[in-house]
Each structure stands twice: as C-alpha cells, then as structure tokens.
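Trainee: Contents are mmCIF, C-alpha atoms; file name model.cif:
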```cif
data_work
#
loop_
_atom_site.group_PDB
_atom_site.id
_atom_site.type_symbol
_atom_site.label_atom_id
_atom_site.label_comp_id
_atom_site.auth_asym_id
_atom_site.auth_seq_id
_atom_site.Cartn_x
_atom_site.Cartn_y
_atom_site.Cartn_z
ATOM 1 C CA MET C 1 0.000 0.000 0.000
ATOM 2 C CA GLY C 2 1.547 3.274 -1.130
ATOM 3 C CA LEU C 3 1.741 6.705 0.446
ATOM 4 C CA ALA C 4 -1.441 7.905 -1.268
ATOM 5 C CA ASN C 5 -3.477 5.077 0.247
ATOM 6 C CA TRP C 6 -1.933 5.664 3.686
ATOM 7 C CA LEU C 7 -3.019 9.305 3.471
ATOM 8 C CA THR C 8 -6.531 8.138 2.634
ATOM 9 C CA VAL C 9 -6.530 5.729 5.588
ATOM 10 C CA LEU C 10 -5.364 8.599 7.798
ATOM 11 C CA ARG C 11 -8.347 10.662 6.616
ATOM 12 C CA ILE C 12 -10.683 7.807 7.559
ATOM 13 C CA LEU C 13 -9.064 7.540 10.998
ATOM 14 C CA LEU C 14 -9.468 11.288 11.555
ATOM 15 C CA VAL C 15 -13.271 11.078 11.158
ATOM 16 C CA PRO C 16 -14.061 9.794 14.699
ATOM 17 C CA VAL C 17 -11.470 12.174 16.130
ATOM 18 C CA PHE C 18 -13.161 15.121 14.408
ATOM 19 C CA VAL C 19 -16.666 14.096 15.492
ATOM 20 C CA SER C 20 -15.538 13.460 19.077
ATOM 21 C CA LEU C 21 -13.883 16.864 19.289
ATOM 22 C CA LEU C 22 -17.066 18.532 18.061
ATOM 23 C CA VAL C 23 -19.321 16.623 20.432
ATOM 24 C CA TYR C 24 -17.038 17.356 23.397
ATOM 25 C CA HIS C 25 -16.950 21.071 22.541
ATOM 26 C CA ARG C 26 -13.423 21.420 21.223
ATOM 27 C CA PRO C 27 -14.220 23.407 18.064
ATOM 28 C CA GLY C 28 -10.723 24.805 17.552
ATOM 29 C CA LEU C 29 -9.158 21.359 17.602
ATOM 30 C CA ALA C 30 -12.039 19.978 15.507
ATOM 31 C CA LEU C 31 -11.396 22.659 12.898
ATOM 32 C CA ALA C 32 -7.692 21.761 12.818
ATOM 33 C CA VAL C 33 -8.460 18.051 12.458
ATOM 34 C CA PHE C 34 -11.013 18.673 9.704
ATOM 35 C CA ALA C 35 -8.590 20.941 7.836
ATOM 36 C CA SER C 36 -5.888 18.263 8.169
ATOM 37 C CA ALA C 37 -8.247 15.612 6.856
ATOM 38 C CA ALA C 38 -9.213 17.838 3.923
ATOM 39 C CA LEU C 39 -5.530 18.416 3.221
ATOM 40 C CA THR C 40 -4.911 14.652 3.060
ATOM 41 C CA ASP C 41 -7.562 14.521 0.322
ATOM 42 C CA LEU C 42 -5.530 16.942 -1.774
ATOM 43 C CA LEU C 43 -2.249 15.244 -0.969
ATOM 44 C CA ASP C 44 -3.301 11.673 -1.724
ATOM 45 C CA GLY C 45 -4.513 12.635 -5.182
ATOM 46 C CA TYR C 46 -1.378 14.627 -5.865
ATOM 47 C CA VAL C 47 0.910 11.817 -4.715
ATOM 48 C CA ALA C 48 -0.972 9.163 -6.704
ATOM 49 C CA ARG C 49 -0.947 11.176 -9.931
ATOM 50 C CA HIS C 50 2.614 12.434 -9.746
ATOM 51 C CA ARG C 51 4.111 9.116 -8.703
ATOM 52 C CA GLY C 52 1.935 7.177 -11.121
ATOM 53 C CA ILE C 53 0.708 4.852 -8.386
ATOM 54 C CA GLN C 54 -3.030 5.004 -8.854
ATOM 55 C CA SER C 55 -4.608 1.774 -7.635
ATOM 56 C CA ARG C 56 -7.988 0.082 -7.512
ATOM 57 C CA LEU C 57 -7.783 0.198 -3.720
ATOM 58 C CA GLY C 58 -7.188 3.942 -3.846
ATOM 59 C CA ALA C 59 -10.028 4.406 -6.355
ATOM 60 C CA PHE C 60 -12.327 2.740 -3.815
ATOM 61 C CA LEU C 61 -10.917 4.163 -0.570
ATOM 62 C CA ASP C 62 -10.610 7.819 -1.634
ATOM 63 C CA PRO C 63 -14.301 8.484 -2.374
ATOM 64 C CA MET C 64 -15.255 6.351 0.636
ATOM 65 C CA ALA C 65 -13.050 8.481 2.885
ATOM 66 C CA ASP C 66 -14.594 11.646 1.431
ATOM 67 C CA LYS C 67 -18.104 10.339 2.073
ATOM 68 C CA LEU C 68 -17.292 9.295 5.642
ATOM 69 C CA LEU C 69 -15.686 12.627 6.467
ATOM 70 C CA LEU C 70 -18.324 14.820 4.856
ATOM 71 C CA ILE C 71 -21.421 12.894 5.910
ATOM 72 C CA SER C 72 -20.218 12.669 9.502
ATOM 73 C CA SER C 73 -19.410 16.386 9.397
ATOM 74 C CA PHE C 74 -22.819 17.396 8.074
ATOM 75 C CA VAL C 75 -24.689 15.117 10.475
ATOM 76 C CA THR C 76 -22.714 16.317 13.500
ATOM 77 C CA LEU C 77 -22.856 20.000 12.570
ATOM 78 C CA THR C 78 -26.599 19.734 11.928
ATOM 79 C CA TRP C 79 -27.095 18.002 15.281
ATOM 80 C CA LEU C 80 -25.108 20.831 16.936
ATOM 81 C CA ASP C 81 -27.165 23.489 15.071
ATOM 82 C CA ALA C 82 -24.117 24.815 13.234
ATOM 83 C CA LEU C 83 -25.649 23.992 9.833
ATOM 84 C CA PRO C 84 -29.301 23.741 8.784
ATOM 85 C CA PHE C 85 -30.899 20.352 8.218
ATOM 86 C CA TRP C 86 -31.623 20.926 4.529
ATOM 87 C CA ILE C 87 -27.967 21.015 3.453
ATOM 88 C CA ALA C 88 -27.240 17.764 5.309
ATOM 89 C CA ALA C 89 -30.322 16.229 3.662
ATOM 90 C CA VAL C 90 -29.111 17.243 0.182
ATOM 91 C CA VAL C 91 -25.590 15.867 0.716
ATOM 92 C CA ILE C 92 -26.704 12.617 2.349
ATOM 93 C CA SER C 93 -29.562 11.998 -0.101
ATOM 94 C CA ARG C 94 -27.239 12.309 -3.088
ATOM 95 C CA ASP C 95 -24.808 9.836 -1.555
ATOM 96 C CA ILE C 96 -27.563 7.343 -0.724
ATOM 97 C CA ILE C 97 -28.847 7.570 -4.298
ATOM 98 C CA LEU C 98 -25.325 6.952 -5.617
ATOM 99 C CA VAL C 99 -24.845 3.916 -3.382
ATOM 100 C CA VAL C 100 -28.208 2.468 -4.463
ATOM 101 C CA GLY C 101 -27.263 3.097 -8.100
ATOM 102 C CA ALA C 102 -23.896 1.403 -7.658
ATOM 103 C CA LEU C 103 -25.632 -1.588 -6.071
ATOM 104 C CA ALA C 104 -28.090 -1.745 -8.983
ATOM 105 C CA ILE C 105 -25.221 -1.747 -11.467
ATOM 106 C CA HIS C 106 -23.423 -4.418 -9.469
ATOM 107 C CA MET C 107 -26.583 -6.558 -9.298
ATOM 108 C CA ALA C 108 -26.980 -6.175 -13.071
ATOM 109 C CA GLY C 109 -23.566 -7.784 -13.408
ATOM 110 C CA GLY C 110 -21.654 -4.608 -14.121
ATOM 111 C CA ARG C 111 -18.506 -3.273 -12.637
ATOM 112 C CA ILE C 112 -18.087 0.379 -11.979
ATOM 113 C CA TYR C 113 -14.874 2.267 -11.827
ATOM 114 C CA PRO C 114 -15.800 5.531 -10.158
ATOM 115 C CA ARG C 115 -14.255 8.573 -11.740
ATOM 116 C CA PRO C 116 -15.124 11.948 -10.317
ATOM 117 C CA THR C 117 -16.823 14.414 -12.613
ATOM 118 C CA TRP C 118 -16.113 18.143 -12.640
ATOM 119 C CA ALA C 119 -19.389 18.718 -10.768
ATOM 120 C CA GLY C 120 -18.460 16.016 -8.247
ATOM 121 C CA LYS C 121 -15.128 17.695 -7.563
ATOM 122 C CA ALA C 122 -16.846 21.083 -7.223
ATOM 123 C CA ALA C 123 -19.456 19.555 -4.901
ATOM 124 C CA THR C 124 -16.759 18.080 -2.666
ATOM 125 C CA PHE C 125 -14.884 21.382 -2.635
ATOM 126 C CA PHE C 126 -17.945 23.417 -1.663
ATOM 127 C CA GLN C 127 -19.028 20.822 0.893
ATOM 128 C CA VAL C 128 -15.612 21.100 2.546
ATOM 129 C CA VAL C 129 -15.793 24.899 2.467
ATOM 130 C CA THR C 130 -19.327 24.755 3.914
ATOM 131 C CA VAL C 131 -18.116 22.636 6.821
ATOM 132 C CA LEU C 132 -15.143 24.950 7.392
ATOM 133 C CA THR C 133 -17.279 28.112 7.299
ATOM 134 C CA GLY C 134 -19.965 26.472 9.438
ATOM 135 C CA LEU C 135 -17.361 25.566 12.037
ATOM 136 C CA THR C 136 -15.725 28.985 12.071
ATOM 137 C CA GLY C 137 -19.056 30.798 12.140
ATOM 138 C CA ARG C 138 -20.788 28.799 14.840
ATOM 139 C CA PHE C 139 -17.941 27.953 17.155
ATOM 140 C CA LEU C 140 -15.277 30.564 16.578
ATOM 141 C CA GLY C 141 -17.554 33.537 15.919
ATOM 142 C CA VAL C 142 -16.012 34.380 12.538
ATOM 143 C CA GLU C 143 -18.641 34.752 9.800
ATOM 144 C CA LEU C 144 -17.284 33.791 6.387
ATOM 145 C CA GLY C 145 -20.488 33.624 4.330
ATOM 146 C CA VAL C 146 -21.621 30.089 5.116
ATOM 147 C CA GLY C 147 -24.956 30.733 3.362
ATOM 148 C CA LEU C 148 -23.326 31.304 -0.020
ATOM 149 C CA PHE C 149 -21.164 28.215 0.316
ATOM 150 C CA MET C 150 -24.143 26.094 1.397
ATOM 151 C CA TRP C 151 -26.058 27.072 -1.729
ATOM 152 C CA LEU C 152 -23.042 26.417 -3.961
ATOM 153 C CA ALA C 153 -22.503 23.056 -2.247
ATOM 154 C CA ALA C 154 -26.182 22.198 -2.758
ATOM 155 C CA LEU C 155 -26.111 23.275 -6.415
ATOM 156 C CA PHE C 156 -23.026 21.239 -7.286
ATOM 157 C CA THR C 157 -24.152 18.289 -5.148
ATOM 158 C CA VAL C 158 -27.426 18.075 -7.078
ATOM 159 C CA ALA C 159 -25.652 18.629 -10.423
ATOM 160 C CA SER C 160 -23.107 15.896 -9.712
ATOM 161 C CA GLY C 161 -25.842 13.558 -8.523
ATOM 162 C CA LEU C 162 -27.687 14.090 -11.799
ATOM 163 C CA GLN C 163 -24.471 13.470 -13.767
ATOM 164 C CA TYR C 164 -23.865 10.196 -11.951
ATOM 165 C CA ILE C 165 -27.509 9.143 -12.363
ATOM 166 C CA VAL C 166 -27.339 9.785 -16.111
ATOM 167 C CA GLN C 167 -24.091 7.788 -16.353
ATOM 168 C CA GLY C 168 -25.620 4.922 -14.374
ATOM 169 C CA MET C 169 -28.797 4.904 -16.453
ATOM 170 C CA ARG C 170 -26.753 4.771 -19.654
ATOM 171 C CA PHE C 171 -24.873 1.794 -18.294
ATOM 172 C CA LEU C 172 -28.021 0.005 -17.145
ATOM 173 C CA ASN C 173 -29.823 0.723 -20.425
ATOM 174 C CA THR C 174 -27.001 -0.663 -22.536
ATOM 175 C CA ALA C 175 -26.268 -3.749 -20.426
ATOM 176 C CA PRO C 176 -29.529 -5.630 -21.189
ATOM 177 C CA VAL C 177 -29.211 -4.892 -24.912
ATOM 178 C CA VAL C 178 -25.829 -6.601 -25.031
ATOM 179 C CA ASP C 179 -27.197 -9.603 -23.117
ATOM 180 C CA ARG C 180 -30.226 -9.799 -25.411
ATOM 181 C CA GLU C 181 -28.023 -9.726 -28.517
ATOM 182 C CA VAL C 182 -25.908 -12.572 -27.159
ATOM 183 C CA ASP C 183 -29.008 -14.632 -26.314
ATOM 184 C CA GLU C 184 -30.581 -14.065 -29.743
ATOM 185 C CA ALA C 185 -27.319 -14.954 -31.474
ATOM 186 C CA SER C 186 -27.093 -18.227 -29.577
ATOM 187 C CA LEU C 187 -30.683 -19.062 -30.527
ATOM 188 C CA LEU C 188 -29.926 -18.652 -34.238
ATOM 189 C CA ARG C 189 -27.179 -21.288 -34.151
#
```
Could you take the file, read its structure, and then write that structure out as structure tokens?

Mentor:
Amino acid sequence: MGLANWLTVLRILLVPVFVSLLVYHRPGLALAVFASAALTDLLDGYVARHRGIQSRLGAFLDPMADKLLLISSFVTLTWLDALPFWIAAVVISRDIILVVGALAIHMAGGRIYPRPTWAGKAATFFQVVTVLTGLTGRFLGVELGVGLFMWLAALFTVASGLQYIVQGMRFLNTAPVVDREVDEASLLR
C-alpha cells in the first residue's frame, strides 16, 4: 500500500477524532483536524498522480473516505445546530442515491470504476468549504459567508448527482441490450 493510500486511511481515521472533538466542545481542535483531513484529500490525489501509483484500492478508498468525512461532518454540525438540516439532507440523499445506483449496477452484473466528474469535484470542494465556514461561524464567531457556500454546495451536489444518475442509467440501459443480442445470437445457431 503506497503513500497515497496511507493518506486516505489517515483521513478515515481522523473522522471519529473530528466528530468526538465537536461533540465534546473542542471546536478549535475539531477545525484543525477537519482541515488536516481535507488536506490529506488533496495530498493523496497529488501523490498518486505524480508518482503514477493510482490503484484500484485507492479508487475505492478515496471516495469512501470523502463520504465518511463529509457525511459525519454534516450530520454532527446539523445536530449541533451549526448547519441547517436541509444542506445535510441534500448531501446525504445524493450519496444514498449513488450507493443504491452502484448496487443496482453491481446486481446487473456490471462493474463500476468511479471517476469523479467536474461537478463532483466542485461539490466536494464546496461541501468542505461549507463545513469549514460552518465551524468557524458557529464555534469561533467568525462569519465567512456560510450561506453562499451552502447554496453552492447544494447546487453542485445536485448537479453531480444528476451526472452520476445519467451515467448509471446509460450503463443500465445498454447492459440488457448486449445480453439480449448474445441470447438471440445463440438461438440462431
């Protein structure tokens, strides 16, 4: 397992630390841990690309680490009244829909190799910024325009969800056609 994957594992391990710090009212430390975790997201991608060590494990772990960090952040910050419920609902709903879609593709016999779209990258960026501004606004008393970032996060989250849904539907719509062609060809023999 290379450096990029270790950075991703570190991000996963920082999730319970971050949530615990928030719940036990250590917002300054929680902010530092979240910022560190977000930094590992940038670093693992940079290391993997520049060293040419992209792996299937990394392709699975990296988005999983992002989902764990961001969903736990939105749930905890909503529970602590630092962010409104609706933004957590948008983020979590999109991720649930994506997981259900991935399961449907898997059950249809397909394999997916998740590649982030431009809207997915923008959604992750604005979700991270929303968490950071929510933390600084609620717990440190520094207002950085969390409302604007929430709306941008919501916009790109919905847009990326629609992109992934369209990609999944294309896959599911083409898979049965291929199977049907194979079955009809075998019947003609």

Trainee: Tell me, in Å to one decimal, how far atom CA of C:Leu148 is from atom CA of C:Ile165.

Mentor: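 Rounded to one decimal, the two atoms are 25.7 Å apart.
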
Trainee: Run the PyMOL selection byres ((chain C and resi 118) around 12) against the file shown and list the residues it catches, as a PyMOL selection string.

Mentor: chain C and resi 115-117+119-125+156-157+159-161+163-164

Trainee: Find the residues of stretch 118-159 of chain C that sit at most 9 Å from stretch 73-93 of chain C; for each, write down the nearest two atoms and how far apart they are in Å, to one decimal. Count all atoms listed in the file. Sort by chain, then by number going up, and give it as JSON lines.

Mentor:
```
{"residue": "C:Gln127", "atom": "CA", "partner": "C:Val91", "partner_atom": "CA", "distance": 8.2}
{"residue": "C:Thr130", "atom": "CA", "partner": "C:Leu83", "partner_atom": "CA", "distance": 8.7}
{"residue": "C:Val131", "atom": "CA", "partner": "C:Ser73", "partner_atom": "CA", "distance": 6.9}
{"residue": "C:Gly134", "atom": "CA", "partner": "C:Ala82", "partner_atom": "CA", "distance": 5.9}
{"residue": "C:Leu135", "atom": "CA", "partner": "C:Ala82", "partner_atom": "CA", "distance": 6.9}
{"residue": "C:Gly137", "atom": "CA", "partner": "C:Ala82", "partner_atom": "CA", "distance": 7.9}
{"residue": "C:Arg138", "atom": "CA", "partner": "C:Ala82", "partner_atom": "CA", "distance": 5.4}
{"residue": "C:Phe139", "atom": "CA", "partner": "C:Ala82", "partner_atom": "CA", "distance": 8.0}
{"residue": "C:Val146", "atom": "CA", "partner": "C:Leu83", "partner_atom": "CA", "distance": 8.7}
{"residue": "C:Met150", "atom": "CA", "partner": "C:Ile87", "partner_atom": "CA", "distance": 6.7}
{"residue": "C:Trp151", "atom": "CA", "partner": "C:Ile87", "partner_atom": "CA", "distance": 8.2}
{"residue": "C:Ala153", "atom": "CA", "partner": "C:Ile87", "partner_atom": "CA", "distance": 8.2}
{"residue": "C:Ala154", "atom": "CA", "partner": "C:Val90", "partner_atom": "CA", "distance": 6.5}
{"residue": "C:Thr157", "atom": "CA", "partner": "C:Val91", "partner_atom": "CA", "distance": 6.5}
{"residue": "C:Val158", "atom": "CA", "partner": "C:Val90", "partner_atom": "CA", "distance": 7.5}
```

Trainee: Care to translate the PyMOL selection byres ((chain C and resi 18) around 8) into actual residues of this file, as a PDB file with C-alpha atoms, keeping the file's coordinate frame?

Mentor:
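Now in result-v9.pdb:
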```pdb
ATOM      1  CA  LEU C  14      -9.468  11.288  11.555  1.00  0.00           C
ATOM      2  CA  VAL C  15     -13.271  11.078  11.158  1.00  0.00           C
ATOM      3  CA  PRO C  16     -14.061   9.794  14.699  1.00  0.00           C
ATOM      4  CA  VAL C  17     -11.470  12.174  16.130  1.00  0.00           C
ATOM      5  CA  VAL C  19     -16.666  14.096  15.492  1.00  0.00           C
ATOM      6  CA  SER C  20     -15.538  13.460  19.077  1.00  0.00           C
ATOM      7  CA  LEU C  21     -13.883  16.864  19.289  1.00  0.00           C
ATOM      8  CA  LEU C  22     -17.066  18.532  18.061  1.00  0.00           C
ATOM      9  CA  ALA C  30     -12.039  19.978  15.507  1.00  0.00           C
ATOM     10  CA  LEU C  31     -11.396  22.659  12.898  1.00  0.00           C
ATOM     11  CA  VAL C  33      -8.460  18.051  12.458  1.00  0.00           C
ATOM     12  CA  PHE C  34     -11.013  18.673   9.704  1.00  0.00           C
TER      13      PHE C  34
END
```

Trainee: Which polymer residues have any atom within 10 Å of an atom of C:Asp66, counting only C-alpha atoms, with same-chain residues fewer than 4 positions away left out, as a VMD selection string?

Mentor: chain C and resid 8 11 to 12 15 37 to 38 41 61 to 62 70 to 72 124 128

Trainee: Give me, please, the distance in Å between atom CA of C:Gly28 and atom CA of C:Gly141, quoted to one decimal.

Mentor: 11.2 Å

Trainee: Point out the residue among C:Val23, C:Ala4, C:Ala104, C:Val9 with the least atom-to-atom distance to C:Leu68, counting only C-alpha atoms.

Mentor: C:Val9

Trainee: Would you mind telling me which residue in C:Ala102, C:Leu42, C:Leu140, C:Val166 lies nearest to C:His25 when using all atoms listed in the file?

Mentor: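 The answer is C:Leu140, which sits nearest to C:His25.
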
Trainee: To one decimal place, how far is atom CA of C:Val142 from atom CA of C:Lys67 in Å?

Mentor: 26.3 Å

Trainee: Could you check the closest approach to C:Ala108 for each of C:Pro27, C:Gly145, C:Gly168, C:Pro63 and tell me which residue wins, using only C-alpha atoms?

Mentor: C:Gly168

Trainee: Tell me which protein, DNA and RNA residues are within 9 Å of C:Asp44, counting only C-alpha atoms, leaving out same-chain ones fewer than 4 positions away, and put them as a PyMOL selection string.

Mentor: chain C and resi 3-8+39-40+48-49+58+62

Trainee: Looking at C:Leu155, C:Leu98, C:Ile105, C:Met64, which one is nearest to C:Phe126, with distances taken over only C-alpha atoms?

Mentor: C:Leu155

Trainee: Using only C-alpha atoms, find the one residue out of C:Arg26, C:Gly101, C:Leu162, C:Ala35 that sits nearest to C:Val129.

Mentor: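 Closest to C:Val129, using only C-alpha atoms: C:Ala35.
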
Trainee: Would you give the centre and edge lengths, in Å to one decimal, of a box along x, y and z around the listed atoms of stretch 13-20 of chain C, with 4 Å added to each side, as AutoDock Vina command-line options?

Mentor:
```
--center_x -12.9 --center_y 11.3 --center_z 15.0 --size_x 15.6 --size_y 15.6 --size_z 16.1
```
